[in-house]
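File shown here: structure_33.pdb, holding PDB, C-alpha atoms and all ligand atoms.
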ATOM      1  CA  MET N   1      -1.929  11.514 -24.960  1.00  0.00           C
ATOM      2  CA  THR N   2      -5.040   9.396 -25.652  1.00  0.00           C
ATOM      3  CA  LYS N   3      -6.911   8.197 -22.606  1.00  0.00           C
ATOM      4  CA  SER N   4      -5.863   4.712 -21.606  1.00  0.00           C
ATOM      5  CA  VAL N   5      -8.015   1.849 -20.363  1.00  0.00           C
ATOM      6  CA  VAL N   6      -5.650   1.649 -17.370  1.00  0.00           C
ATOM      7  CA  SER N   7      -6.169   4.706 -15.156  1.00  0.00           C
ATOM      8  CA  SER N   8      -2.584   4.766 -13.848  1.00  0.00           C
ATOM      9  CA  PHE N   9      -1.320   5.050 -17.433  1.00  0.00           C
ATOM     10  CA  ASP N  10      -3.080   8.415 -17.649  1.00  0.00           C
ATOM     11  CA  VAL N  11      -0.899   9.843 -14.880  1.00  0.00           C
ATOM     12  CA  ASP N  12       2.321  11.602 -15.874  1.00  0.00           C
ATOM     13  CA  HIS N  13       4.701   9.761 -13.549  1.00  0.00           C
ATOM     14  CA  ARG N  14       7.432  12.377 -14.042  1.00  0.00           C
ATOM     15  CA  ARG N  15       5.385  14.775 -11.924  1.00  0.00           C
ATOM     16  CA  LEU N  16       4.398  12.385  -9.152  1.00  0.00           C
ATOM     17  CA  LYS N  17       5.680  12.851  -5.655  1.00  0.00           C
ATOM     18  CA  GLU N  18       5.501  10.350  -2.819  1.00  0.00           C
ATOM     19  CA  GLY N  19       2.202  10.456  -0.922  1.00  0.00           C
ATOM     20  CA  LEU N  20      -1.320   9.069  -0.766  1.00  0.00           C
ATOM     21  CA  TYR N  21      -3.544   9.738  -3.775  1.00  0.00           C
ATOM     22  CA  LEU N  22      -7.050   8.828  -4.868  1.00  0.00           C
ATOM     23  CA  ARG N  23      -6.405   7.678  -8.424  1.00  0.00           C
ATOM     24  CA  SER N  24      -9.757   6.491  -9.710  1.00  0.00           C
ATOM     25  CA  THR N  25     -13.297   5.545  -8.788  1.00  0.00           C
ATOM     26  CA  TYR N  26     -15.245   2.645 -10.225  1.00  0.00           C
ATOM     27  CA  LYS N  27     -18.992   3.071  -9.898  1.00  0.00           C
ATOM     28  CA  ILE N  28     -20.976  -0.055  -9.015  1.00  0.00           C
ATOM     29  CA  ASP N  29     -24.394   1.547  -8.576  1.00  0.00           C
ATOM     30  CA  ASP N  30     -25.895   4.832  -7.343  1.00  0.00           C
ATOM     31  CA  SER N  31     -24.569   4.509  -3.815  1.00  0.00           C
ATOM     32  CA  ARG N  32     -21.511   2.316  -4.086  1.00  0.00           C
ATOM     33  CA  CYS N  33     -18.177   2.662  -5.821  1.00  0.00           C
ATOM     34  CA  VAL N  34     -14.691   1.229  -5.457  1.00  0.00           C
ATOM     35  CA  LEU N  35     -11.949   3.772  -4.797  1.00  0.00           C
ATOM     36  CA  SER N  36      -8.413   3.055  -5.999  1.00  0.00           C
ATOM     37  CA  TRP N  37      -5.740   4.704  -3.883  1.00  0.00           C
ATOM     38  CA  ASP N  38      -2.048   4.995  -4.678  1.00  0.00           C
ATOM     39  CA  LEU N  39       0.226   4.642  -1.695  1.00  0.00           C
ATOM     40  CA  ARG N  40       3.264   6.084  -3.407  1.00  0.00           C
ATOM     41  CA  PHE N  41       6.295   5.343  -1.224  1.00  0.00           C
ATOM     42  CA  CYS N  42       8.892   6.629  -3.700  1.00  0.00           C
ATOM     43  CA  ALA N  43       8.732   9.460  -6.193  1.00  0.00           C
ATOM     44  CA  PRO N  44       9.211   7.791  -9.588  1.00  0.00           C
ATOM     45  CA  MET N  45      12.548   8.490 -11.290  1.00  0.00           C
ATOM     46  CA  THR N  46      13.694  10.467  -8.224  1.00  0.00           C
ATOM     47  CA  HIS N  47      14.065   7.843  -5.528  1.00  0.00           C
ATOM     48  CA  HIS N  48      15.390   4.316  -5.707  1.00  0.00           C
ATOM     49  CA  PRO N  49      12.477   1.875  -5.944  1.00  0.00           C
ATOM     50  CA  LEU N  50      11.797  -0.429  -3.004  1.00  0.00           C
ATOM     51  CA  SER N  51      13.441  -3.848  -2.979  1.00  0.00           C
ATOM     52  CA  SER N  52      11.223  -6.798  -3.969  1.00  0.00           C
ATOM     53  CA  GLY N  53      11.648  -8.188  -0.450  1.00  0.00           C
ATOM     54  CA  THR N  54      10.534  -4.883   1.067  1.00  0.00           C
ATOM     55  CA  VAL N  55       7.443  -4.757  -1.116  1.00  0.00           C
ATOM     56  CA  HIS N  56       6.539  -8.366  -0.365  1.00  0.00           C
ATOM     57  CA  THR N  57       6.998  -7.863   3.390  1.00  0.00           C
ATOM     58  CA  ILE N  58       4.832  -4.737   3.493  1.00  0.00           C
ATOM     59  CA  GLU N  59       2.220  -6.369   1.257  1.00  0.00           C
ATOM     60  CA  HIS N  60       1.766  -9.276   3.685  1.00  0.00           C
ATOM     61  CA  LEU N  61       1.535  -7.049   6.743  1.00  0.00           C
ATOM     62  CA  MET N  62      -0.764  -4.392   5.299  1.00  0.00           C
ATOM     63  CA  ALA N  63      -3.054  -6.855   3.529  1.00  0.00           C
ATOM     64  CA  TYR N  64      -3.582  -8.478   6.919  1.00  0.00           C
ATOM     65  CA  TYR N  65      -3.492  -5.707   9.523  1.00  0.00           C
ATOM     66  CA  LEU N  66      -5.393  -3.034   7.568  1.00  0.00           C
ATOM     67  CA  ARG N  67      -8.329  -5.449   7.379  1.00  0.00           C
ATOM     68  CA  LEU N  68      -8.373  -5.616  11.174  1.00  0.00           C
ATOM     69  CA  ASP N  69      -8.739  -1.836  11.438  1.00  0.00           C
ATOM     70  CA  GLU N  70     -12.002  -0.859  13.157  1.00  0.00           C
ATOM     71  CA  GLN N  71     -12.707   2.067  10.836  1.00  0.00           C
ATOM     72  CA  ILE N  72     -11.673   0.928   7.359  1.00  0.00           C
ATOM     73  CA  GLY N  73     -11.087  -2.824   7.686  1.00  0.00           C
ATOM     74  CA  THR N  74     -14.366  -4.069   6.257  1.00  0.00           C
ATOM     75  CA  SER N  75     -14.192  -1.525   3.403  1.00  0.00           C
ATOM     76  CA  ILE N  76     -10.946  -2.877   1.992  1.00  0.00           C
ATOM     77  CA  VAL N  77     -11.225  -4.643  -1.349  1.00  0.00           C
ATOM     78  CA  SER N  78      -7.522  -5.285  -1.985  1.00  0.00           C
ATOM     79  CA  PHE N  79      -3.983  -4.222  -1.119  1.00  0.00           C
ATOM     80  CA  CYS N  80      -1.422  -4.938  -3.859  1.00  0.00           C
ATOM     81  CA  PRO N  81       2.128  -3.954  -4.738  1.00  0.00           C
ATOM     82  CA  MET N  82       2.926  -1.766  -7.723  1.00  0.00           C
ATOM     83  CA  GLY N  83       4.996  -3.798 -10.159  1.00  0.00           C
ATOM     84  CA  CYS N  84       7.340  -0.819 -10.581  1.00  0.00           C
ATOM     85  CA  LEU N  85       8.209  -1.154  -6.862  1.00  0.00           C
ATOM     86  CA  THR N  86       7.443   2.460  -5.982  1.00  0.00           C
ATOM     87  CA  GLY N  87       4.417   1.777  -3.794  1.00  0.00           C
ATOM     88  CA  PHE N  88       1.095  -0.015  -3.376  1.00  0.00           C
ATOM     89  CA  TYR N  89      -2.477   0.037  -4.631  1.00  0.00           C
ATOM     90  CA  LEU N  90      -5.231   0.049  -2.045  1.00  0.00           C
ATOM     91  CA  SER N  91      -8.809  -0.471  -3.202  1.00  0.00           C
ATOM     92  CA  THR N  92     -11.625   0.391  -0.832  1.00  0.00           C
ATOM     93  CA  MET N  93     -15.330   0.997  -0.893  1.00  0.00           C
ATOM     94  CA  ASN N  94     -16.398   4.650  -0.979  1.00  0.00           C
ATOM     95  CA  ASP N  95     -17.093   5.019   2.747  1.00  0.00           C
ATOM     96  CA  VAL N  96     -13.478   5.803   3.668  1.00  0.00           C
ATOM     97  CA  THR N  97     -11.408   8.991   3.458  1.00  0.00           C
ATOM     98  CA  ALA N  98      -7.701   9.608   2.883  1.00  0.00           C
ATOM     99  CA  GLU N  99      -7.416  10.737   6.520  1.00  0.00           C
ATOM    100  CA  GLN N 100      -8.903   7.451   7.760  1.00  0.00           C
ATOM    101  CA  ILE N 101      -6.459   5.480   5.628  1.00  0.00           C
ATOM    102  CA  LYS N 102      -3.535   7.490   6.998  1.00  0.00           C
ATOM    103  CA  GLU N 103      -4.784   6.902  10.515  1.00  0.00           C
ATOM    104  CA  ALA N 104      -5.087   3.146   9.875  1.00  0.00           C
ATOM    105  CA  LEU N 105      -1.569   3.035   8.417  1.00  0.00           C
ATOM    106  CA  ARG N 106      -0.202   4.865  11.464  1.00  0.00           C
ATOM    107  CA  LYS N 107      -1.952   2.396  13.781  1.00  0.00           C
ATOM    108  CA  VAL N 108      -0.485  -0.614  11.950  1.00  0.00           C
ATOM    109  CA  TYR N 109       2.910   1.046  11.953  1.00  0.00           C
ATOM    110  CA  ASP N 110       2.809   1.673  15.720  1.00  0.00           C
ATOM    111  CA  LYS N 111       1.571  -1.835  16.425  1.00  0.00           C
ATOM    112  CA  VAL N 112       3.742  -3.913  14.081  1.00  0.00           C
ATOM    113  CA  PHE N 113       6.920  -1.933  13.284  1.00  0.00           C
ATOM    114  CA  PRO N 114       9.857  -2.100  13.601  1.00  0.00           C
ATOM    115  CA  LEU N 115       9.892  -5.781  12.672  1.00  0.00           C
ATOM    116  CA  LYS N 116      12.420  -7.889  14.531  1.00  0.00           C
ATOM    117  CA  GLY N 117      12.485 -10.894  12.243  1.00  0.00           C
ATOM    118  CA  LYS N 118      10.584 -12.915   9.681  1.00  0.00           C
ATOM    119  CA  GLU N 119       8.363 -14.413  12.419  1.00  0.00           C
ATOM    120  CA  ASP N 120       6.674 -10.982  12.480  1.00  0.00           C
ATOM    121  CA  ILE N 121       5.494 -11.347   8.857  1.00  0.00           C
ATOM    122  CA  VAL N 122       2.040 -12.929   8.821  1.00  0.00           C
ATOM    123  CA  GLY N 123       1.377 -15.572   6.184  1.00  0.00           C
ATOM    124  CA  LEU N 124       5.026 -15.978   5.194  1.00  0.00           C
ATOM    125  CA  ASN N 125       5.044 -19.735   4.767  1.00  0.00           C
ATOM    126  CA  GLU N 126       4.750 -22.328   2.022  1.00  0.00           C
ATOM    127  CA  ILE N 127       1.036 -22.834   2.532  1.00  0.00           C
ATOM    128  CA  GLN N 128      -0.063 -19.190   2.479  1.00  0.00           C
ATOM    129  CA  CYS N 129       2.469 -17.575   0.139  1.00  0.00           C
ATOM    130  CA  GLY N 130       4.026 -18.170  -3.273  1.00  0.00           C
ATOM    131  CA  ASN N 131       7.555 -17.123  -2.322  1.00  0.00           C
ATOM    132  CA  PRO N 132       8.180 -17.155   1.452  1.00  0.00           C
ATOM    133  CA  ALA N 133      11.950 -16.768   1.013  1.00  0.00           C
ATOM    134  CA  LEU N 134      11.413 -13.260  -0.358  1.00  0.00           C
ATOM    135  CA  TYR N 135      11.377 -10.686   2.464  1.00  0.00           C
ATOM    136  CA  ASP N 136      13.435  -7.748   3.705  1.00  0.00           C
ATOM    137  CA  ILE N 137      13.147  -6.808   7.380  1.00  0.00           C
ATOM    138  CA  ASP N 138      15.454  -3.763   7.350  1.00  0.00           C
ATOM    139  CA  GLY N 139      14.074  -2.547   4.029  1.00  0.00           C
ATOM    140  CA  ALA N 140      10.461  -2.815   5.224  1.00  0.00           C
ATOM    141  CA  ASN N 141      11.265  -1.085   8.526  1.00  0.00           C
ATOM    142  CA  GLU N 142      12.958   1.818   6.755  1.00  0.00           C
ATOM    143  CA  ALA N 143      10.330   2.149   3.995  1.00  0.00           C
ATOM    144  CA  MET N 144       7.472   2.193   6.517  1.00  0.00           C
ATOM    145  CA  ARG N 145       9.277   4.631   8.808  1.00  0.00           C
ATOM    146  CA  LYS N 146       9.850   7.007   5.941  1.00  0.00           C
ATOM    147  CA  TYR N 147       6.301   6.711   4.593  1.00  0.00           C
ATOM    148  CA  VAL N 148       4.462   7.055   7.902  1.00  0.00           C
ATOM    149  CA  GLU N 149       6.767   9.470   9.738  1.00  0.00           C
ATOM    150  CA  GLU N 150       7.790  11.694   6.822  1.00  0.00           C
ATOM    151  CA  THR N 151       5.452  11.283   3.853  1.00  0.00           C
ATOM    152  CA  ILE N 152       1.913  11.032   5.261  1.00  0.00           C
ATOM    153  CA  LYS N 153       2.492  12.537   8.720  1.00  0.00           C
TER     154      LYS N 153
HETATM  155 ZN    ZN O 201       3.598 -13.745  -0.217  1.00  0.00          ZN
END
I'd like the structure from this file rewritten - as structure tokens, please.
Amino acid sequence: MTKSVVSSFDVDHRRLKEGLYLRSTYKIDDSRCVLSWDLRFCAPMTHHPLSSGTVHTIEHLMAYYLRLDEQIGTSIVSFCPMGCLTGFYLSTMNDVTAEQIKEALRKVYDKVFPLKGKEDIVGLNEIQCGNPALYDIDGANEAMRKYVEETIK
């Protein structure tokens, strides 16, 4: 396979398991680079993908609460859903480790989950979001439980 300009296209998705992976690094200068992490909630082709509402719910909560984390918050560049609905992309600066990300995810999970209703989803309104009717409380609770308690424990 020829090397692609998109780093995730160079990964054989048939072999991927759920987990947290450092996928690529983008060098800015001699001391700084941007790390792209895959938060793979589902093993491709093995598990059912997440629902769109689940992905949207988790995106809102993680994009917000991870940035409040004392250790990694200011190092976060972006938190985005994978279009294939099997997980999320987290971009950070190079001063964070996989263990710190796991710790931050556990802290958000303990603080925010299980969600009781849509009032718990930050930014889910017509001013701050493009599709506030799209959310899934039960799906997000179950996906986060599985990821934090079983996958990255
Ligand atoms: Zn939104």
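The space separating atom CA of Ser36 of chain N from atom CA of Tyr147 of chain N comes to 18.5 Å.
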Selected residue of minimal separation from Asp12 of chain N among N:Leu50, N:Ala43, N:Cys33, N:Leu66, counting all atoms listed in the file: N:Ala43
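Here, the PyMOL selection byres (((chain N and resi 121-134) around 7) and not hetatm) matches Gly53, His56, Thr57, His60, Leu61, Lys118, Glu119, Asp120 and Tyr135 of chain N.
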Shell of 9 Å around segment 67-71 of chain N, all atoms listed in the file, local chain residues under 6 positions omitted, as a PyMOL selection string: chain N and resi 96+100-101+104+107-108
Distance of atom CA of Trp37 of chain N from atom CA of Leu16 of chain N, expressed in Å to one decimal place: 13.8 Å
